Amino acid sequence: MAGGDDVTPAAAGGQPRRLSHNELEMARQYSETSARIDTAIEKKKAGKKPTAAEATSDLKKEMEMWEHKVSVEELERKLNTNVANGLSKEDHKTRLERDGPNLLSPPKVKPWWYKLLMQFLNFFALLLQVASIMSFVGYALDQSSPDNLYLGIVLYVVVIITALFTFMQEFKSEKTMEKFANFLPPQTVARRGGMASQVEASSLVVGDVIEVKLGDKIPADIRLVENAKLKVDNSSLTGESEPQKRTVECTDENPLETKNLAFFGTLAVDGTAVGVVVNTGDRTVFGRIAGLAAGSDAQATTLQLEIHRFVIIISAVAITLGLIFLVIGFVKGTDIIDNLIFVIGIIVANVPEGLLATVTVSLTLTAKRMAKKNVLVKKLECVETLGSTTTICSDKTGTLTQNRMTIVHAVTDMQIHTTKTATQESSFDFDSPTFQNLFLLACVCAKAKFDATDLAENPNKSIDDRQVNGDASEAGILKFTEKLSPVMPIREKNPQVATIPFNSANKFMVTINKDSTRSDGGLRLCMKGAPERVLDRCSNIMIDGAAREMTETDKATINERLQTLMEGGERVLGFAQLALDVEAYPATFEFDTENPNFPVEGLTFVGLLALLDPPRESVPSSIKTCQTAGVQVIMVTGDHPATAKSIAKQVNIIHDPTAEDVAKERGVAVSDVDPTTVKAIVVPGSQIRDLDESDWDRVLAHEQIVFARTSPQQKLIIVENCQRLAKIVAVTGDGVNDSPALKRANIGVAMGIAGSDVSKEAADMILLDDNFSSIVSGIEEGRLIFDNLKKSIAYTLSSNIPEISPFLAFILTGIPQPLTTVLILCIDLGTDMLPAISLAYEKAESDIMLREPRNAAVDRLVTRRLISFSYLQIGVTQAAAGFMVYLIVFQDYGIATSLLPGLDDDRLYAAKADESKRWLYTHLVRPRGESVEREWFDQGSDSRLRPFFTSAQPLFIQQTEQQFGRLLPGKEDNTDRPNNAQFNNMVKIIQSITNLEPCLEYQCDIAGVSQTNNPSCYTQDGPVFLTGINNLQPNTNAGQCFELWSREQQSKVLRRAQTAFFISIIQVQWADVLICKTRYLSLFQQGFFSNLVLNTGLLEETLLGALLVYVPFLHGPFGTQPLRVVHWLPALPFVVIIFTYDETRKFLLRLGKTKGNKFGMWLYDNTYW
């Protein structure tokens, strides 16, 4: 199929599962290897010699696997091991030292330098690097000013710093997750020195004997020596999801095809077995093939997709604006280099260079916070998906409950008896014949054992505290029976001959044991399981130690007792037995547990044992929190409906009556209760198979839902129907039966302690302490990540308007450029960076778990409302502050606001190129007064000047120069008179055109006598000397006058105005970062200074701004100038305006949300970002 994907059937009732590229490659290599081995075997049988290539390849080693072909006895002899006792501790130690640990060589990971290099190749970094190269090209073409060189250097420094920062944060996050993953070393049960105990899978060696049970991940290649209906999921090797049966006998010479081998990495999905380890680590089949199929693929998470979408949007806006203004610049005839620099400015102003760093910091912080809460997240971005969760389908046992099963009641002779616990005394008679039978069944119809190592190391440990290898129910039964009488001697006297393991389809377990109570050596069939399943297979009942036929009254009484126990939230198991006829079933009889050739019906019902697994203390409040947050918690359990309902009530999943409760209370039939008035429902698995789509819609419309007695297929169907209704589903579980649903869910959550290897493999997240409350923390963390990224983006984007608008104003109105590209970079990567990142440290708003879950289809990372907020509301206000300060600075230095439009149309103001530098003159109402007109001494700009350049006019010499560099005044020796004749002529020309005197002192010689500030100077033939240009003395006789602006004066005023614009953005960003701390709550509720990193960011951006303004050696590279203190003040009212506006907006939208205020609701709908 396209893209190399394939589809294999999923578990029954599920959707086809798409295999990843890596799984397909593993399956292909497995298939090819198996085919090569088959060919080689055929050649060997035909007497053909292998080719040289085959003889020297690793295939030879694969072909030489012999362990599957020999008998168990020969296997023991050749591997020097013993199936019953395993290896000795000394032998194990020697082999471990020789062969090394049972670990696969770690996959090749991309080296750190490659990851660092990739930081330079993300889209934002490439944009900035292109801009940097363009700046260097601009400088190479015109070296008259170093500004382009500085810009290029700053851009590249920005790229380097951002890349290093992001790389370091990702590196920290990876290390945190690696360290965290090591909290869960794989465990297995191994027989060593005659004892079975839990060991780390990495310690296994060839010859070790291990016990495999349903839910385990096979820890090494093993040859099966005992088998009880073991089925393995080989999909990790073969790509086939259908479980494969295993046997003890060899079924194929090809080791990859025989059924008496189970391979490392495959999953035990049914039954139990005992196997001898034949390969470990890289020598396993999986290890060999994994090397051939190296590679991995990754699916983008919702967070990655959101960020990618944002990058596309912003980049498209940046490039589109840049191209538009590039065209406008060409149309206006702007110099190509200047035009390119403007485009760079537009792009840089739009690109939020700090976004990726902020995302990385957010995820790193989340990793640390989740680590503290004992949550292992396989892919950190999945936490955000958990934040969007609308429905949690939770298993009961071990997730909502403590998974510490304790026998609290026993039913024998149809009477309920208590057992001894911390809160009650026992009421049963141990010597009662019926109880003796129940006790025996509880002892022998089981697989659980006390851990041998734990017993050896802690011989005095109480029975309740002992470690048990087995599931929670069997552990509870084992501890109960052990307190009454040691179990192992009883099992030794009544050993198991055959076993049908418990599975989720049958819901019972059958063992056939030798019966020590029978003198004829006969066998006893023992059954344990769901009471209704056991009762269905019984035709007799034991009363006072004797069996008699079971009547309908007996069944009704038992069901009544059963209901009583289950309504108390107890898990109840039924026990039955059958004495097998010794002639029909002698000790040598071959029992077939796959297709039973022995009776499993017509049994004698013996009694019930009821276990109580109390809810975890934190679960009720956690579920309450989920419900308040708009997250529905659905219980999906294999327990009886009555037990499930009782626990559901205890943990707050159900707190309203069901239809059955209402019917019972009213004394009517359930069918007479209007289902639309009922909020709670308990659905048994037996009804699920009959539900159609409309039935599912009706069931899932209930607020409080419990599914009981469900099968794996039904759990899967439940998840799929929830997803069909557009719910974001998280599934929690710990058993093999949970794995299909865990895989299908939007996010699967497995239990670290009680969870099976299969469920952990299927899950996206593992709770190391099995605490459901950690899911609530995960939901909050997921919402917090999204919230804080929104806040950071809202803060970052708001400065785009005051950064872009100066370029727009310059292009559209011709005012001198209010902000430079270098200063934009100083904002984006200097003053704004730390405050933007600091929002990742912002604590959750107090209402974060009171909101409805995020609708992923509508509530995107960047929405219309967020753009409106950042650009049109806050951004425009910030731009207004910048322009006001810019205009005030020009006004204060003598250029009125009215003179600014068009002032830089011809790129003459503070021009960098020598050929573009000109003198500017302005008309003042009085010296140091307001300017009312302005003009350039440039014949291209002022046609009135052309006659003076064409020929010598009366009273003037011919003007030949207009470039500023050639019109420098100079100075005569011992006087302040300028000695540049062209400069002196220029002053006289300006006076004649404007009919105004200079605002500075001037002199001339009339009849050999020096005259100062005499208007007659302009009517005589000689030069006029503007002495004030050198001595700065004013023209004391002037009324209206003209003032000359040198290129240096133009530059200083412009740089001061640009610096003031830059500082104003810093000031309004103070208010912006504070209002972005919350999306809904008042800042007074959240706390002004609760975020220490943000406080540091505010201080950092202010100090950095001050350094750029007042440190002299920074003025050149960054284009800044010192500001008067008064020029820090005009932006402050805008700080107050922004803060007041947003607090008012949030107050009104809270009013709309809580009180129904119409204007508030409108605000909420249109401005809540």
# chains A, B, ... in the order shown; residues from 1 in each chain; ligands from 1
$ select_by_dssp --residues "range 911-1004 of chain A" --states "strand (DSSP E or B)" --output "list in words"
Leu920, Tyr921, Thr922, His923, Leu924, Ser931, Val932, Glu933, Arg934, Glu935, Trp936, Glu997, Pro998, Leu1000, Gln1003 and Cys1004 of chain A
$ write_last_selection --atoms "N, CA and C atoms" --output "mmCIF file, in the first residue's frame"
data_model
loop_
_atom_site.group_PDB
_atom_site.id
_atom_site.type_symbol
_atom_site.label_atom_id
_atom_site.label_comp_id
_atom_site.auth_asym_id
_atom_site.auth_seq_id
_atom_site.Cartn_x
_atom_site.Cartn_y
_atom_site.Cartn_z
ATOM 1 N N LEU A 920 18.891 68.841 5.662
ATOM 2 C CA LEU A 920 17.457 69.074 5.828
ATOM 3 C C LEU A 920 17.298 70.442 6.460
ATOM 4 N N TYR A 921 16.342 71.235 5.962
ATOM 5 C CA TYR A 921 16.074 72.499 6.659
ATOM 6 C C TYR A 921 14.590 72.588 6.972
ATOM 7 N N THR A 922 14.308 73.141 8.152
ATOM 8 C CA THR A 922 12.926 73.268 8.625
ATOM 9 C C THR A 922 12.617 74.714 8.949
ATOM 10 N N HIS A 923 11.309 75.062 8.814
ATOM 11 C CA HIS A 923 10.848 76.413 9.141
ATOM 12 C C HIS A 923 10.348 76.413 10.577
ATOM 13 N N LEU A 924 10.897 77.320 11.404
ATOM 14 C CA LEU A 924 10.481 77.418 12.808
ATOM 15 C C LEU A 924 9.746 78.722 13.026
ATOM 16 N N SER A 931 8.362 73.649 14.518
ATOM 17 C CA SER A 931 8.641 73.662 13.078
ATOM 18 C C SER A 931 7.328 73.513 12.322
ATOM 19 N N VAL A 932 7.200 74.225 11.209
ATOM 20 C CA VAL A 932 5.944 74.198 10.460
ATOM 21 C C VAL A 932 6.127 73.699 9.032
ATOM 22 N N GLU A 933 7.332 73.757 8.500
ATOM 23 C CA GLU A 933 7.606 73.236 7.163
ATOM 24 C C GLU A 933 8.987 72.610 7.166
ATOM 25 N N ARG A 934 9.247 71.777 6.143
ATOM 26 C CA ARG A 934 10.583 71.207 6.006
ATOM 27 C C ARG A 934 10.841 70.915 4.538
ATOM 28 N N GLU A 935 12.124 70.904 4.178
ATOM 29 C CA GLU A 935 12.506 70.616 2.800
ATOM 30 C C GLU A 935 13.941 70.118 2.775
ATOM 31 N N TRP A 936 14.258 69.339 1.725
ATOM 32 C CA TRP A 936 15.616 68.829 1.537
ATOM 33 C C TRP A 936 16.376 69.764 0.591
ATOM 34 N N GLU A 997 15.426 84.111 7.811
ATOM 35 C CA GLU A 997 16.806 84.102 8.278
ATOM 36 C C GLU A 997 17.113 82.778 8.969
ATOM 37 N N PRO A 998 18.398 82.431 9.112
ATOM 38 C CA PRO A 998 18.755 81.239 9.879
ATOM 39 C C PRO A 998 18.424 81.425 11.357
ATOM 40 N N LEU A 1000 20.330 80.290 13.545
ATOM 41 C CA LEU A 1000 21.636 80.416 14.171
ATOM 42 C C LEU A 1000 22.304 81.709 13.717
ATOM 43 N N GLN A 1003 27.081 85.823 9.735
ATOM 44 C CA GLN A 1003 27.886 87.033 9.507
ATOM 45 C C GLN A 1003 28.104 87.247 8.022
ATOM 46 N N CYS A 1004 28.433 88.495 7.712
ATOM 47 C CA CYS A 1004 28.877 88.806 6.343
ATOM 48 C C CYS A 1004 29.731 90.071 6.407
#
$ residues_around --residues "range 1093-1097 of chain A" --least-positions-apart "5" --cutoff "12 Å" --atoms "only C-alpha atoms" --output "list in words"
Ser792, Gly830, Thr831, Asp832, Met833, Leu834, Pro835, Ala836, Ile837, Ser838, Leu839, Ala840, Tyr841, Glu842, Lys843, Ile1066, Gln1069, Trp1070, Asp1072, Val1073, Leu1074, Cys1076, Lys1077, Gly1087, Phe1088, Thr1102, Leu1103 and Leu1104 of chain A
$ write_last_selection --atoms "N, CA, C and O atoms" --output "compact mmCIF listing (two decimals), in the first residue's frame"
# COMPACT_ATOMS: atom_id res chain seq x y z
N SER A 792 1.69 31.97 26.02
CA SER A 792 2.98 32.38 25.48
C SER A 792 2.82 32.92 24.06
O SER A 792 3.43 33.94 23.70
N GLY A 830 15.48 39.01 22.85
CA GLY A 830 16.13 39.57 24.02
C GLY A 830 15.12 39.82 25.12
O GLY A 830 14.97 39.04 26.05
N THR A 831 14.35 40.89 24.93
CA THR A 831 13.45 41.30 26.01
C THR A 831 12.21 40.41 26.13
O THR A 831 11.68 40.23 27.21
N ASP A 832 11.74 39.84 25.00
CA ASP A 832 10.51 39.03 25.04
C ASP A 832 10.76 37.57 25.36
O ASP A 832 9.84 36.86 25.78
N MET A 833 11.97 37.08 25.11
CA MET A 833 12.21 35.63 25.17
C MET A 833 11.94 35.05 26.55
O MET A 833 11.17 34.10 26.70
N LEU A 834 12.58 35.60 27.58
CA LEU A 834 12.42 35.03 28.92
C LEU A 834 10.98 35.18 29.44
O LEU A 834 10.42 34.22 29.98
N PRO A 835 10.33 36.35 29.28
CA PRO A 835 8.92 36.41 29.69
C PRO A 835 8.04 35.39 28.97
O PRO A 835 7.15 34.80 29.58
N ALA A 836 8.29 35.18 27.65
CA ALA A 836 7.49 34.20 26.90
C ALA A 836 7.71 32.80 27.46
O ALA A 836 6.76 32.03 27.66
N ILE A 837 8.97 32.46 27.71
CA ILE A 837 9.29 31.14 28.27
C ILE A 837 8.75 31.02 29.69
O ILE A 837 8.29 29.95 30.11
N SER A 838 8.78 32.13 30.42
CA SER A 838 8.35 32.08 31.82
C SER A 838 6.89 31.69 31.96
O SER A 838 6.47 31.17 32.98
N LEU A 839 6.09 31.95 30.91
CA LEU A 839 4.68 31.57 30.98
C LEU A 839 4.50 30.06 30.99
O LEU A 839 3.45 29.55 31.38
N ALA A 840 5.55 29.31 30.57
CA ALA A 840 5.51 27.85 30.68
C ALA A 840 5.57 27.43 32.15
O ALA A 840 5.16 26.32 32.50
N TYR A 841 6.08 28.30 33.01
CA TYR A 841 6.18 28.03 34.44
C TYR A 841 4.93 28.48 35.20
O TYR A 841 4.84 28.30 36.40
N GLU A 842 3.99 29.09 34.49
CA GLU A 842 2.80 29.63 35.15
C GLU A 842 1.97 28.49 35.72
O GLU A 842 1.73 27.48 35.06
N LYS A 843 1.55 28.65 36.96
CA LYS A 843 0.72 27.62 37.59
C LYS A 843 -0.66 27.63 36.95
O LYS A 843 -1.07 28.60 36.31
N ILE A 1066 8.81 47.50 25.37
CA ILE A 1066 9.16 46.80 26.61
C ILE A 1066 8.16 47.15 27.70
O ILE A 1066 7.67 46.27 28.44
N GLN A 1069 4.80 45.64 27.14
CA GLN A 1069 4.89 44.19 27.31
C GLN A 1069 4.90 43.80 28.79
O GLN A 1069 4.60 42.65 29.11
N TRP A 1070 5.24 44.74 29.67
CA TRP A 1070 5.07 44.47 31.12
C TRP A 1070 3.61 44.10 31.37
O TRP A 1070 3.29 43.09 32.00
N ASP A 1072 1.37 43.32 29.16
CA ASP A 1072 0.94 42.19 28.33
C ASP A 1072 1.26 40.86 28.99
O ASP A 1072 0.42 39.96 29.04
N VAL A 1073 2.48 40.71 29.51
CA VAL A 1073 2.84 39.42 30.11
C VAL A 1073 2.03 39.17 31.38
O VAL A 1073 1.68 38.03 31.69
N LEU A 1074 1.69 40.23 32.09
CA LEU A 1074 0.88 40.06 33.30
C LEU A 1074 -0.55 39.65 32.95
O LEU A 1074 -1.11 38.74 33.56
N CYS A 1076 -1.45 38.10 30.33
CA CYS A 1076 -1.42 36.76 29.71
C CYS A 1076 -1.21 35.65 30.74
O CYS A 1076 -1.23 34.48 30.38
N LYS A 1077 -1.00 36.01 32.00
CA LYS A 1077 -0.91 34.99 33.05
C LYS A 1077 -2.23 34.24 33.19
O LYS A 1077 -2.26 33.10 33.65
N GLY A 1087 -2.67 36.02 41.25
CA GLY A 1087 -1.48 36.50 41.95
C GLY A 1087 -0.54 37.21 41.00
O GLY A 1087 -0.13 36.65 39.98
N PHE A 1088 -0.18 38.45 41.32
CA PHE A 1088 0.67 39.24 40.45
C PHE A 1088 2.06 38.63 40.30
O PHE A 1088 2.60 38.54 39.21
N THR A 1102 13.66 44.68 31.37
CA THR A 1102 13.85 46.09 31.71
C THR A 1102 15.35 46.43 31.76
O THR A 1102 15.79 47.46 31.22
N LEU A 1103 16.13 45.58 32.41
CA LEU A 1103 17.58 45.82 32.50
C LEU A 1103 18.23 45.76 31.13
O LEU A 1103 19.12 46.58 30.82
N LEU A 1104 17.82 44.81 30.30
CA LEU A 1104 18.39 44.70 28.97
C LEU A 1104 18.08 45.95 28.16
O LEU A 1104 18.96 46.49 27.45
$ select_by_dssp --residues "range 869-991 of chain A" --states "helix (DSSP H, G or I)" --output "MDAnalysis selection string"
chainID A and resid 869:892 897:899 914:916 943:950 964:966 981:991
$ write_last_selection --atoms "N, CA and C atoms" --output "compact mmCIF listing (two decimals), in the first residue's frame"
# COMPACT_ATOMS: atom_id res chain seq x y z
N PHE A 869 -7.32 39.09 19.81
CA PHE A 869 -6.83 39.61 21.09
C PHE A 869 -5.41 40.17 20.93
N SER A 870 -4.52 39.35 20.38
CA SER A 870 -3.11 39.74 20.33
C SER A 870 -2.86 40.87 19.34
N TYR A 871 -3.50 40.80 18.18
CA TYR A 871 -3.22 41.79 17.15
C TYR A 871 -4.08 43.05 17.28
N LEU A 872 -5.41 42.83 17.34
CA LEU A 872 -6.32 43.97 17.22
C LEU A 872 -6.59 44.67 18.54
N GLN A 873 -6.51 43.94 19.65
CA GLN A 873 -6.81 44.57 20.93
C GLN A 873 -5.53 45.05 21.62
N ILE A 874 -4.64 44.12 21.94
CA ILE A 874 -3.42 44.49 22.68
C ILE A 874 -2.37 45.04 21.74
N GLY A 875 -2.17 44.38 20.59
CA GLY A 875 -1.13 44.81 19.65
C GLY A 875 -1.32 46.22 19.16
N VAL A 876 -2.55 46.57 18.80
CA VAL A 876 -2.83 47.92 18.30
C VAL A 876 -2.57 48.96 19.40
N THR A 877 -2.95 48.62 20.63
CA THR A 877 -2.70 49.54 21.75
C THR A 877 -1.19 49.73 21.96
N GLN A 878 -0.45 48.64 21.86
CA GLN A 878 1.00 48.74 22.01
C GLN A 878 1.61 49.58 20.89
N ALA A 879 1.13 49.37 19.66
CA ALA A 879 1.64 50.17 18.54
C ALA A 879 1.35 51.65 18.76
N ALA A 880 0.15 51.95 19.27
CA ALA A 880 -0.21 53.35 19.55
C ALA A 880 0.77 53.96 20.55
N ALA A 881 1.14 53.18 21.57
CA ALA A 881 2.11 53.67 22.56
C ALA A 881 3.44 53.97 21.89
N GLY A 882 3.90 53.06 21.03
CA GLY A 882 5.18 53.25 20.36
C GLY A 882 5.18 54.47 19.48
N PHE A 883 4.12 54.66 18.68
CA PHE A 883 4.08 55.81 17.78
C PHE A 883 3.98 57.11 18.54
N MET A 884 3.24 57.08 19.67
CA MET A 884 3.13 58.31 20.45
C MET A 884 4.51 58.75 20.96
N VAL A 885 5.26 57.80 21.52
CA VAL A 885 6.58 58.14 22.04
C VAL A 885 7.50 58.59 20.91
N TYR A 886 7.42 57.92 19.78
CA TYR A 886 8.22 58.26 18.60
C TYR A 886 7.96 59.70 18.17
N LEU A 887 6.67 60.06 18.09
CA LEU A 887 6.30 61.42 17.67
C LEU A 887 6.74 62.47 18.70
N ILE A 888 6.60 62.11 19.98
CA ILE A 888 6.99 63.05 21.04
C ILE A 888 8.48 63.35 20.97
N VAL A 889 9.29 62.31 20.74
CA VAL A 889 10.75 62.53 20.66
C VAL A 889 11.08 63.45 19.48
N PHE A 890 10.50 63.21 18.32
CA PHE A 890 10.75 64.09 17.17
C PHE A 890 10.30 65.52 17.47
N GLN A 891 9.12 65.63 18.09
CA GLN A 891 8.59 66.95 18.44
C GLN A 891 9.55 67.66 19.40
N ASP A 892 10.01 66.94 20.41
CA ASP A 892 10.90 67.56 21.41
C ASP A 892 12.22 67.99 20.81
N THR A 897 5.16 66.74 14.25
CA THR A 897 4.48 65.55 13.72
C THR A 897 4.00 65.78 12.29
N SER A 898 3.53 66.97 12.01
CA SER A 898 2.99 67.26 10.68
C SER A 898 4.05 67.19 9.59
N LEU A 899 5.33 67.28 9.96
CA LEU A 899 6.39 67.27 8.97
C LEU A 899 6.90 65.87 8.65
N ASP A 914 26.62 57.66 0.98
CA ASP A 914 27.11 59.04 0.83
C ASP A 914 26.31 59.81 -0.21
N GLU A 915 25.98 59.14 -1.32
CA GLU A 915 25.28 59.85 -2.40
C GLU A 915 23.85 60.21 -2.02
N SER A 916 23.34 59.64 -0.93
CA SER A 916 21.97 59.94 -0.51
C SER A 916 21.90 60.90 0.67
N SER A 943 12.19 71.59 -6.73
CA SER A 943 12.47 72.12 -8.08
C SER A 943 12.94 73.57 -8.04
N ARG A 944 12.68 74.26 -6.92
CA ARG A 944 13.10 75.66 -6.82
C ARG A 944 14.62 75.80 -6.79
N LEU A 945 15.29 74.70 -6.47
CA LEU A 945 16.75 74.75 -6.38
C LEU A 945 17.45 74.60 -7.73
N ARG A 946 16.73 74.11 -8.73
CA ARG A 946 17.40 73.74 -9.98
C ARG A 946 18.09 74.92 -10.67
N PRO A 947 17.47 76.12 -10.68
CA PRO A 947 18.18 77.25 -11.35
C PRO A 947 19.55 77.52 -10.74
N PHE A 948 19.68 77.34 -9.44
CA PHE A 948 20.94 77.62 -8.77
C PHE A 948 22.02 76.60 -9.15
N PHE A 949 21.59 75.39 -9.56
CA PHE A 949 22.55 74.37 -9.99
C PHE A 949 22.86 74.49 -11.49
N THR A 950 21.93 75.15 -12.21
CA THR A 950 22.12 75.27 -13.66
C THR A 950 23.14 76.33 -14.02
N PHE A 964 25.70 65.79 1.24
CA PHE A 964 26.06 66.30 2.57
C PHE A 964 27.56 66.27 2.79
N GLY A 965 28.23 65.22 2.35
CA GLY A 965 29.66 65.07 2.60
C GLY A 965 30.49 66.13 1.93
N ARG A 966 29.95 66.73 0.88
CA ARG A 966 30.70 67.78 0.17
C ARG A 966 30.21 69.18 0.56
N ALA A 981 32.78 77.24 0.44
CA ALA A 981 32.01 78.20 -0.34
C ALA A 981 30.66 77.64 -0.76
N GLN A 982 30.64 76.31 -1.10
CA GLN A 982 29.37 75.70 -1.51
C GLN A 982 28.38 75.65 -0.35
N PHE A 983 28.90 75.43 0.87
CA PHE A 983 28.04 75.44 2.07
C PHE A 983 27.49 76.83 2.28
N ASN A 984 28.38 77.86 2.19
CA ASN A 984 27.95 79.24 2.41
C ASN A 984 26.91 79.65 1.36
N ASN A 985 27.12 79.20 0.13
CA ASN A 985 26.16 79.50 -0.94
C ASN A 985 24.82 78.83 -0.66
N MET A 986 24.86 77.59 -0.11
CA MET A 986 23.63 76.87 0.22
C MET A 986 22.80 77.64 1.24
N VAL A 987 23.46 78.21 2.27
CA VAL A 987 22.73 78.97 3.29
C VAL A 987 22.03 80.16 2.66
N LYS A 988 22.74 80.82 1.74
CA LYS A 988 22.19 82.01 1.09
C LYS A 988 21.01 81.63 0.18
N ILE A 989 21.13 80.45 -0.51
CA ILE A 989 20.05 79.98 -1.39
C ILE A 989 18.80 79.68 -0.57
N ILE A 990 18.98 78.98 0.56
CA ILE A 990 17.82 78.61 1.40
C ILE A 990 17.11 79.87 1.88
N GLN A 991 17.89 80.92 2.25
CA GLN A 991 17.27 82.15 2.71
C GLN A 991 16.45 82.80 1.61
$ atom_distance --atom1 "CA of His702 in chain A" --atom2 "CA of Met849 in chain A"
21.4 Å
$ atom_distance --atom1 "CA of Glu930 in chain A" --atom2 "CA of Gly894 in chain A"
6.4 Å
$ closest_atom_pairs --of "range 494-595 of chain A" --to "range 634-658 of chain A" --cutoff "7 Å" --atoms "only C-alpha atoms" --output "tab-separated table"
residue	atom	partner	partner_atom	distance
A:Gln563	CA	A:Ala642	CA	6.8
A:Met566	CA	A:Thr643	CA	4.3
A:Glu567	CA	A:Ala642	CA	5.4
A:Gly568	CA	A:Ser646	CA	6.1
A:Gly569	CA	A:Thr643	CA	4.4
A:Glu570	CA	A:Thr643	CA	5.8
A:Arg571	CA	A:Thr643	CA	6.3
$ write_last_selection --atoms "N, CA and C atoms" --output "mmCIF file, in the first residue's frame"
data_model
loop_
_atom_site.group_PDB
_atom_site.id
_atom_site.type_symbol
_atom_site.label_atom_id
_atom_site.label_comp_id
_atom_site.auth_asym_id
_atom_site.auth_seq_id
_atom_site.Cartn_x
_atom_site.Cartn_y
_atom_site.Cartn_z
ATOM 1 N N GLN A 563 -26.171 -11.986 45.655
ATOM 2 C CA GLN A 563 -26.579 -10.594 45.486
ATOM 3 C C GLN A 563 -26.234 -9.778 46.725
ATOM 4 N N MET A 566 -22.479 -9.086 46.711
ATOM 5 C CA MET A 566 -22.036 -8.191 45.646
ATOM 6 C C MET A 566 -22.539 -6.772 45.850
ATOM 7 N N GLU A 567 -23.677 -6.634 46.496
ATOM 8 C CA GLU A 567 -24.161 -5.286 46.780
ATOM 9 C C GLU A 567 -23.271 -4.570 47.777
ATOM 10 N N GLY A 568 -22.450 -5.337 48.478
ATOM 11 C CA GLY A 568 -21.454 -4.738 49.368
ATOM 12 C C GLY A 568 -20.146 -4.458 48.647
ATOM 13 N N GLY A 569 -20.148 -4.625 47.303
ATOM 14 C CA GLY A 569 -18.959 -4.336 46.524
ATOM 15 C C GLY A 569 -17.927 -5.449 46.555
ATOM 16 N N GLU A 570 -18.345 -6.654 46.932
ATOM 17 C CA GLU A 570 -17.400 -7.757 47.039
ATOM 18 C C GLU A 570 -17.321 -8.541 45.730
ATOM 19 N N ARG A 571 -16.115 -8.976 45.393
ATOM 20 C CA ARG A 571 -15.927 -9.849 44.241
ATOM 21 C C ARG A 571 -16.121 -11.281 44.723
#
$ residues_around --residues "range 1126-1135 of chain A" --least-positions-apart "6" --cutoff "7 Å" --atoms "only C-alpha atoms" --output "compact mmCIF listing (two decimals) with all heavy atoms, in the first residue's frame"
# COMPACT_ATOMS: atom_id res chain seq x y z
N ALA A 881 1.14 53.18 21.57
CA ALA A 881 2.11 53.67 22.56
C ALA A 881 3.44 53.97 21.89
O ALA A 881 4.06 55.02 22.13
CB ALA A 881 2.30 52.63 23.67
N VAL A 885 5.26 57.80 21.52
CA VAL A 885 6.58 58.14 22.04
C VAL A 885 7.50 58.59 20.91
O VAL A 885 8.27 59.56 21.05
CB VAL A 885 7.19 56.93 22.78
CG1 VAL A 885 8.57 57.26 23.30
CG2 VAL A 885 6.31 56.51 23.93
N ALA A 1060 13.21 55.10 21.76
CA ALA A 1060 12.02 55.34 22.58
C ALA A 1060 10.89 54.39 22.19
O ALA A 1060 10.17 53.88 23.05
CB ALA A 1060 11.56 56.79 22.43
N SER A 1064 9.25 51.68 24.64
CA SER A 1064 7.79 51.68 24.88
C SER A 1064 7.22 50.27 24.72
O SER A 1064 6.29 49.88 25.44
CB SER A 1064 7.09 52.66 23.92
OG SER A 1064 7.03 52.12 22.61
N GLN A 1067 7.83 48.43 27.80
CA GLN A 1067 6.93 48.86 28.87
C GLN A 1067 5.52 48.27 28.72
O GLN A 1067 4.94 47.77 29.68
CB GLN A 1067 6.87 50.39 28.89
CG GLN A 1067 8.19 51.02 29.36
CD GLN A 1067 8.16 52.54 29.23
OE1 GLN A 1067 7.98 53.08 28.14
NE2 GLN A 1067 8.34 53.24 30.34
N VAL A 1068 4.98 48.34 27.49
CA VAL A 1068 3.62 47.79 27.33
C VAL A 1068 3.63 46.27 27.42
O VAL A 1068 2.62 45.66 27.79
CB VAL A 1068 2.99 48.25 25.99
CG1 VAL A 1068 2.64 49.73 26.03
CG2 VAL A 1068 3.87 47.93 24.80
N ALA A 1071 2.72 45.00 30.90
CA ALA A 1071 1.28 44.76 31.11
C ALA A 1071 0.84 43.51 30.36
O ALA A 1071 0.05 42.71 30.87
CB ALA A 1071 0.48 45.98 30.65
$ atom_distance --atom1 "CA of Pro1034 in chain A" --atom2 "CA of Glu1001 in chain A"
5.0 Å
$ residues_around --residues "Gly100 in chain A" --least-positions-apart "6" --cutoff "12 Å" --atoms "only C-alpha atoms" --output "MDAnalysis selection string"
chainID A and resid 92:94 202:206 279:283
